[in-house]
$ cat input16.cif   # mmCIF, C-alpha atoms
data_my_file
#
loop_
_atom_site.group_PDB
_atom_site.id
_atom_site.type_symbol
_atom_site.label_atom_id
_atom_site.label_comp_id
_atom_site.auth_asym_id
_atom_site.auth_seq_id
_atom_site.Cartn_x
_atom_site.Cartn_y
_atom_site.Cartn_z
ATOM 1 C CA ARG A 1 -8.926 2.800 -3.651
ATOM 2 C CA ARG A 2 -12.064 4.105 -1.947
ATOM 3 C CA PHE A 3 -13.009 6.706 0.628
ATOM 4 C CA ASP A 4 -13.913 5.706 4.172
ATOM 5 C CA ALA A 5 -16.529 7.520 6.210
ATOM 6 C CA PRO A 6 -15.644 11.101 7.197
ATOM 7 C CA ARG A 7 -13.856 11.485 10.550
ATOM 8 C CA VAL A 8 -13.393 14.447 12.836
ATOM 9 C CA LEU A 9 -9.717 15.063 13.582
ATOM 10 C CA PRO A 10 -8.539 16.819 16.725
ATOM 11 C CA PRO A 11 -7.067 20.299 16.276
ATOM 12 C CA ALA A 12 -3.335 20.302 15.625
ATOM 13 C CA PRO A 13 -0.753 23.042 15.086
ATOM 14 C CA VAL A 14 0.076 21.607 11.660
ATOM 15 C CA VAL A 15 -1.911 19.263 9.436
ATOM 16 C CA VAL A 16 -0.185 17.855 6.366
ATOM 17 C CA ILE A 17 -2.396 16.801 3.473
ATOM 18 C CA GLU A 18 -0.491 14.704 0.963
ATOM 19 C CA GLY A 19 -1.439 13.580 -2.487
ATOM 20 C CA VAL A 20 -1.734 14.572 -6.114
ATOM 21 C CA GLY A 21 -4.941 16.538 -5.537
ATOM 22 C CA ALA A 22 -3.849 18.223 -2.301
ATOM 23 C CA GLY A 23 -2.926 21.433 -4.143
ATOM 24 C CA ARG A 24 -5.871 21.522 -6.503
ATOM 25 C CA ARG A 25 -7.660 24.768 -7.331
ATOM 26 C CA ALA A 26 -10.637 24.087 -5.043
ATOM 27 C CA LEU A 27 -8.396 23.552 -1.986
ATOM 28 C CA ARG A 28 -5.727 26.237 -2.495
ATOM 29 C CA PRO A 29 -7.705 29.056 -0.811
ATOM 30 C CA HIS A 30 -7.842 26.927 2.370
ATOM 31 C CA LEU A 31 -4.143 26.037 2.519
ATOM 32 C CA ALA A 32 -1.652 27.895 4.672
ATOM 33 C CA ARG A 33 1.207 26.660 2.489
ATOM 34 C CA LEU A 34 1.588 24.437 -0.545
ATOM 35 C CA CYS A 35 4.746 22.333 -0.875
ATOM 36 C CA TRP A 36 5.646 20.566 -4.088
ATOM 37 C CA MET A 37 7.883 17.516 -4.317
ATOM 38 C CA ASP A 38 9.955 18.603 -7.303
ATOM 39 C CA ARG A 39 10.599 15.333 -9.095
ATOM 40 C CA GLY A 40 9.922 14.490 -12.726
ATOM 41 C CA ASP A 41 6.859 12.496 -13.695
ATOM 42 C CA GLU A 42 8.795 9.568 -15.124
ATOM 43 C CA GLU A 43 10.939 9.188 -11.990
ATOM 44 C CA SER A 44 7.883 9.396 -9.713
ATOM 45 C CA TRP A 45 5.991 6.822 -11.749
ATOM 46 C CA ARG A 46 9.038 4.516 -11.887
ATOM 47 C CA ARG A 47 9.394 4.694 -8.093
ATOM 48 C CA GLY A 48 5.694 3.961 -7.600
ATOM 49 C CA ARG A 49 5.780 0.965 -9.928
ATOM 50 C CA ARG A 50 8.877 -0.393 -8.155
ATOM 51 C CA ARG A 51 7.285 0.139 -4.727
ATOM 52 C CA ASP A 52 3.925 -1.438 -5.624
ATOM 53 C CA GLY A 53 5.219 -4.329 -7.721
ATOM 54 C CA PRO A 54 3.649 -6.193 -10.651
ATOM 55 C CA ALA A 55 0.320 -6.700 -8.864
ATOM 56 C CA GLN A 56 -0.427 -2.976 -9.261
ATOM 57 C CA ALA A 57 0.750 -2.626 -12.889
ATOM 58 C CA GLY A 58 -2.818 -2.055 -14.132
ATOM 59 C CA PHE A 59 -3.343 0.688 -11.574
ATOM 60 C CA TRP A 60 -0.157 2.460 -12.680
ATOM 61 C CA ASP A 61 -1.058 2.192 -16.364
ATOM 62 C CA GLY A 62 -4.217 4.178 -15.667
ATOM 63 C CA TRP A 63 -2.679 6.419 -13.016
ATOM 64 C CA THR A 64 0.020 7.942 -15.193
ATOM 65 C CA VAL A 65 -2.581 9.033 -17.760
ATOM 66 C CA ALA A 66 -4.976 10.336 -15.090
ATOM 67 C CA GLU A 67 -2.265 12.255 -13.225
ATOM 68 C CA ALA A 68 -0.983 13.910 -16.408
ATOM 69 C CA ARG A 69 -4.559 14.902 -17.323
ATOM 70 C CA HIS A 70 -5.157 16.286 -13.815
ATOM 71 C CA PHE A 71 -2.066 18.521 -13.816
ATOM 72 C CA THR A 72 -2.782 19.712 -17.357
ATOM 73 C CA SER A 73 -6.181 21.044 -16.315
ATOM 74 C CA ASP A 74 -5.364 22.000 -12.702
ATOM 75 C CA PRO A 75 -1.615 22.471 -12.135
ATOM 76 C CA SER A 76 -0.343 22.776 -8.552
ATOM 77 C CA ARG A 77 3.389 23.446 -8.990
ATOM 78 C CA PRO A 78 2.997 27.100 -10.140
ATOM 79 C CA PHE A 79 1.238 27.830 -6.831
ATOM 80 C CA ALA A 80 3.785 26.113 -4.562
ATOM 81 C CA ASP A 81 5.274 28.146 -1.727
ATOM 82 C CA ALA A 82 8.179 25.692 -1.488
ATOM 83 C CA LEU A 83 9.808 23.157 -3.771
ATOM 84 C CA ILE A 84 11.293 20.080 -2.130
ATOM 85 C CA ARG A 85 14.073 18.418 -4.077
ATOM 86 C CA GLU A 86 15.577 15.051 -3.277
ATOM 87 C CA GLU A 87 19.364 15.167 -3.079
ATOM 88 C CA PRO A 88 21.877 12.319 -2.563
ATOM 89 C CA THR A 89 22.277 13.338 1.099
ATOM 90 C CA GLY A 90 18.682 14.329 1.933
ATOM 91 C CA TYR A 91 16.278 17.012 0.778
ATOM 92 C CA GLU A 92 16.685 20.618 -0.262
ATOM 93 C CA VAL A 93 13.816 23.051 0.275
ATOM 94 C CA VAL A 94 13.806 26.144 -1.922
ATOM 95 C CA PRO A 95 11.226 28.893 -2.450
ATOM 96 C CA GLY A 96 8.529 27.938 -4.905
ATOM 97 C CA PRO A 97 6.955 30.014 -7.672
ATOM 98 C CA ALA A 98 4.336 31.416 -5.254
ATOM 99 C CA ALA A 99 6.716 32.074 -2.348
ATOM 100 C CA ALA A 100 5.669 35.697 -1.903
ATOM 101 C CA PRO A 101 3.849 36.189 1.420
ATOM 102 C CA ARG A 102 0.063 36.225 1.210
ATOM 103 C CA LYS A 103 -1.707 38.422 3.745
ATOM 104 C CA ASP A 104 -4.966 36.477 3.583
ATOM 105 C CA GLN A 105 -3.547 33.181 4.871
ATOM 106 C CA THR A 106 -2.596 31.999 8.318
ATOM 107 C CA LEU A 107 -0.515 29.133 9.619
ATOM 108 C CA THR A 108 -2.752 27.602 12.270
ATOM 109 C CA GLN A 109 -6.330 27.582 13.493
ATOM 110 C CA GLY A 110 -5.065 29.457 16.554
ATOM 111 C CA ASP A 111 -3.917 32.290 14.302
ATOM 112 C CA ARG A 112 -7.501 32.597 13.015
ATOM 113 C CA LEU A 113 -9.022 32.536 16.496
ATOM 114 C CA GLY A 114 -6.695 35.152 17.953
ATOM 115 C CA PRO A 115 -4.399 35.247 21.016
ATOM 116 C CA SER A 116 -7.042 34.407 23.635
ATOM 117 C CA HIS A 117 -7.542 30.830 22.365
#

$ encode --input "input16.cif" --output "structure tokens"
Amino acid sequence: RRFDAPRVLPPAPVVVIEGVGAGRRALRPHLARLCWMDRGDEESWRRGRRRDGPAQAGFWDGWTVAEARHFTSDPSRPFADALIREEPTGYEVVPGPAAAPRKDQTLTQGDRLGPSH
């Protein structure tokens, strides 16, 4: 529940940033794509409580309120390029609300540097 010291990560073709705040307003201009796990709040919270057990009940009591407040003031789903839905046999990926191509974004650092790198 705390941040460690910053670390430099080696370049990679794809970097996945996961978490509730990964699609927040301040980060969206720097993202190549935003994916949204399309699952209801109650189901997500129920799964988290089951995963973490009774020892984390206090955390979850505060988390559900904080997460709802976060998405009320800074929603991510409307800006998702893809929605990922859990199905009985796996996952379905469908275009998200913001699936239209954006000319100002690239997929990799190599795209920004050009073909000689």

$ resolve_selection --input "input16.cif" --expression "the PyMOL selection byres ((chain A and resi 36) around 7)" --output "list in words"
Leu34, Cys35, Met37, Asp38, Arg77, Ala80, Ala82, Leu83 and Ile84 of chain A

$ residues_around --input "input16.cif" --residues "Asp81 (chain A)" --least-positions-apart "5" --cutoff "7 Å" --atoms "only C-alpha atoms" --output "list in words"
Arg33, Leu34, Cys35, Pro95, Gly96, Pro97, Ala98 and Ala99 of chain A

$ atom_distance --input "input16.cif" --atom1 "CA of Leu27 (chain A)" --atom2 "CA of Arg69 (chain A)"
18.0 Å

$ closest_residue --input "input16.cif" --among "A:Ala66, A:Trp60, A:Arg24, A:Ser73" --to "Gly48 (chain A)" --atoms "only C-alpha atoms"
A:Trp60

$ residues_around --input "input16.cif" --residues "Gly21 (chain A)" --least-positions-apart "5" --cutoff "10 Å" --atoms "only C-alpha atoms" --output "PyMOL selection string"
chain A and resi 26-27+67+70-71+74-76

$ closest_residue --input "input16.cif" --among "A:Ala5, A:Ala57, A:Leu31, A:Val65" --to "Ile17 (chain A)" --atoms "only C-alpha atoms"
A:Leu31

$ axis_aligned_box --input "input16.cif" --around "region 85-94 of chain A" --padding-each-side "6 Å" --output "lines of an AutoDock Vina configuration file"
center_x = 18.0
center_y = 19.2
center_z = -1.1
size_x = 20.5
size_y = 25.8
size_z = 18.0

$ atom_distance --input "input16.cif" --atom1 "CA of Arg47 (chain A)" --atom2 "CA of Glu86 (chain A)"
13.0 Å

$ atom_distance --input "input16.cif" --atom1 "CA of Gly58 (chain A)" --atom2 "CA of Asp4 (chain A)"
22.8 Å

$ closest_residue --input "input16.cif" --among "A:Thr72, A:Thr89, A:Gln56, A:Thr64" --to "Glu42 (chain A)" --atoms "all atoms listed in the file"
A:Thr64

$ resolve_selection --input "input16.cif" --expression "the PyMOL selection byres ((chain A and resi 15) around 10)" --output "ChimeraX atom specification"
/A:9,11-14,16-18,31-32,107-108

$ decode --input "input16.cif" --residues "region 35-51 of chain A" --atoms "N, CA, C and O atoms" --output "PDB file, in the first residue's frame"
ATOM      1  N   CYS A  35      -7.507   0.084 -22.513  1.00  0.00           N
ATOM      2  CA  CYS A  35      -8.419  -1.065 -22.453  1.00  0.00           C
ATOM      3  C   CYS A  35      -9.163  -1.007 -21.125  1.00  0.00           C
ATOM      4  O   CYS A  35      -8.593  -0.660 -20.101  1.00  0.00           O
ATOM      5  N   TRP A  36     -10.420  -1.382 -21.176  1.00  0.00           N
ATOM      6  CA  TRP A  36     -11.263  -1.358 -19.987  1.00  0.00           C
ATOM      7  C   TRP A  36     -11.819  -2.745 -19.746  1.00  0.00           C
ATOM      8  O   TRP A  36     -12.425  -3.344 -20.640  1.00  0.00           O
ATOM      9  N   MET A  37     -11.615  -3.268 -18.546  1.00  0.00           N
ATOM     10  CA  MET A  37     -12.213  -4.539 -18.160  1.00  0.00           C
ATOM     11  C   MET A  37     -13.662  -4.240 -17.839  1.00  0.00           C
ATOM     12  O   MET A  37     -13.961  -3.585 -16.837  1.00  0.00           O
ATOM     13  N   ASP A  38     -14.562  -4.659 -18.692  1.00  0.00           N
ATOM     14  CA  ASP A  38     -15.973  -4.298 -18.600  1.00  0.00           C
ATOM     15  C   ASP A  38     -16.716  -5.251 -17.676  1.00  0.00           C
ATOM     16  O   ASP A  38     -17.315  -6.227 -18.105  1.00  0.00           O
ATOM     17  N   ARG A  39     -16.629  -4.953 -16.395  1.00  0.00           N
ATOM     18  CA  ARG A  39     -17.279  -5.768 -15.366  1.00  0.00           C
ATOM     19  C   ARG A  39     -17.884  -4.788 -14.368  1.00  0.00           C
ATOM     20  O   ARG A  39     -17.295  -3.774 -14.037  1.00  0.00           O
ATOM     21  N   GLY A  40     -19.056  -5.107 -13.871  1.00  0.00           N
ATOM     22  CA  GLY A  40     -19.731  -4.227 -12.925  1.00  0.00           C
ATOM     23  C   GLY A  40     -18.962  -4.051 -11.628  1.00  0.00           C
ATOM     24  O   GLY A  40     -18.196  -4.924 -11.213  1.00  0.00           O
ATOM     25  N   ASP A  41     -19.184  -2.906 -11.007  1.00  0.00           N
ATOM     26  CA  ASP A  41     -18.503  -2.594  -9.743  1.00  0.00           C
ATOM     27  C   ASP A  41     -18.727  -3.670  -8.693  1.00  0.00           C
ATOM     28  O   ASP A  41     -17.773  -4.138  -8.070  1.00  0.00           O
ATOM     29  N   GLU A  42     -19.975  -4.038  -8.485  1.00  0.00           N
ATOM     30  CA  GLU A  42     -20.285  -4.996  -7.416  1.00  0.00           C
ATOM     31  C   GLU A  42     -19.575  -6.325  -7.634  1.00  0.00           C
ATOM     32  O   GLU A  42     -19.039  -6.908  -6.692  1.00  0.00           O
ATOM     33  N   GLU A  43     -19.549  -6.806  -8.878  1.00  0.00           N
ATOM     34  CA  GLU A  43     -18.861  -8.075  -9.167  1.00  0.00           C
ATOM     35  C   GLU A  43     -17.358  -7.932  -8.933  1.00  0.00           C
ATOM     36  O   GLU A  43     -16.720  -8.808  -8.348  1.00  0.00           O
ATOM     37  N   SER A  44     -16.776  -6.832  -9.371  1.00  0.00           N
ATOM     38  CA  SER A  44     -15.336  -6.611  -9.160  1.00  0.00           C
ATOM     39  C   SER A  44     -15.004  -6.569  -7.678  1.00  0.00           C
ATOM     40  O   SER A  44     -14.031  -7.175  -7.231  1.00  0.00           O
ATOM     41  N   TRP A  45     -15.792  -5.838  -6.915  1.00  0.00           N
ATOM     42  CA  TRP A  45     -15.539  -5.722  -5.482  1.00  0.00           C
ATOM     43  C   TRP A  45     -15.728  -7.064  -4.784  1.00  0.00           C
ATOM     44  O   TRP A  45     -14.959  -7.421  -3.895  1.00  0.00           O
ATOM     45  N   ARG A  46     -16.736  -7.836  -5.202  1.00  0.00           N
ATOM     46  CA  ARG A  46     -16.983  -9.154  -4.611  1.00  0.00           C
ATOM     47  C   ARG A  46     -15.787 -10.077  -4.872  1.00  0.00           C
ATOM     48  O   ARG A  46     -15.318 -10.777  -3.979  1.00  0.00           O
ATOM     49  N   ARG A  47     -15.268 -10.042  -6.105  1.00  0.00           N
ATOM     50  CA  ARG A  47     -14.113 -10.872  -6.446  1.00  0.00           C
ATOM     51  C   ARG A  47     -12.883 -10.477  -5.632  1.00  0.00           C
ATOM     52  O   ARG A  47     -12.130 -11.317  -5.156  1.00  0.00           O
ATOM     53  N   GLY A  48     -12.674  -9.167  -5.467  1.00  0.00           N
ATOM     54  CA  GLY A  48     -11.537  -8.695  -4.685  1.00  0.00           C
ATOM     55  C   GLY A  48     -11.632  -9.103  -3.229  1.00  0.00           C
ATOM     56  O   GLY A  48     -10.650  -9.555  -2.625  1.00  0.00           O
ATOM     57  N   ARG A  49     -12.806  -8.983  -2.655  1.00  0.00           N
ATOM     58  CA  ARG A  49     -13.012  -9.387  -1.257  1.00  0.00           C
ATOM     59  C   ARG A  49     -12.771 -10.891  -1.096  1.00  0.00           C
ATOM     60  O   ARG A  49     -12.153 -11.323  -0.132  1.00  0.00           O
ATOM     61  N   ARG A  50     -13.263 -11.674  -2.054  1.00  0.00           N
ATOM     62  CA  ARG A  50     -13.074 -13.136  -1.980  1.00  0.00           C
ATOM     63  C   ARG A  50     -11.589 -13.476  -2.120  1.00  0.00           C
ATOM     64  O   ARG A  50     -11.059 -14.306  -1.399  1.00  0.00           O
ATOM     65  N   ARG A  51     -10.902 -12.805  -3.031  1.00  0.00           N
ATOM     66  CA  ARG A  51      -9.476 -13.064  -3.250  1.00  0.00           C
ATOM     67  C   ARG A  51      -8.653 -12.703  -2.017  1.00  0.00           C
ATOM     68  O   ARG A  51      -7.765 -13.448  -1.613  1.00  0.00           O
TER      69      ARG A  51
END
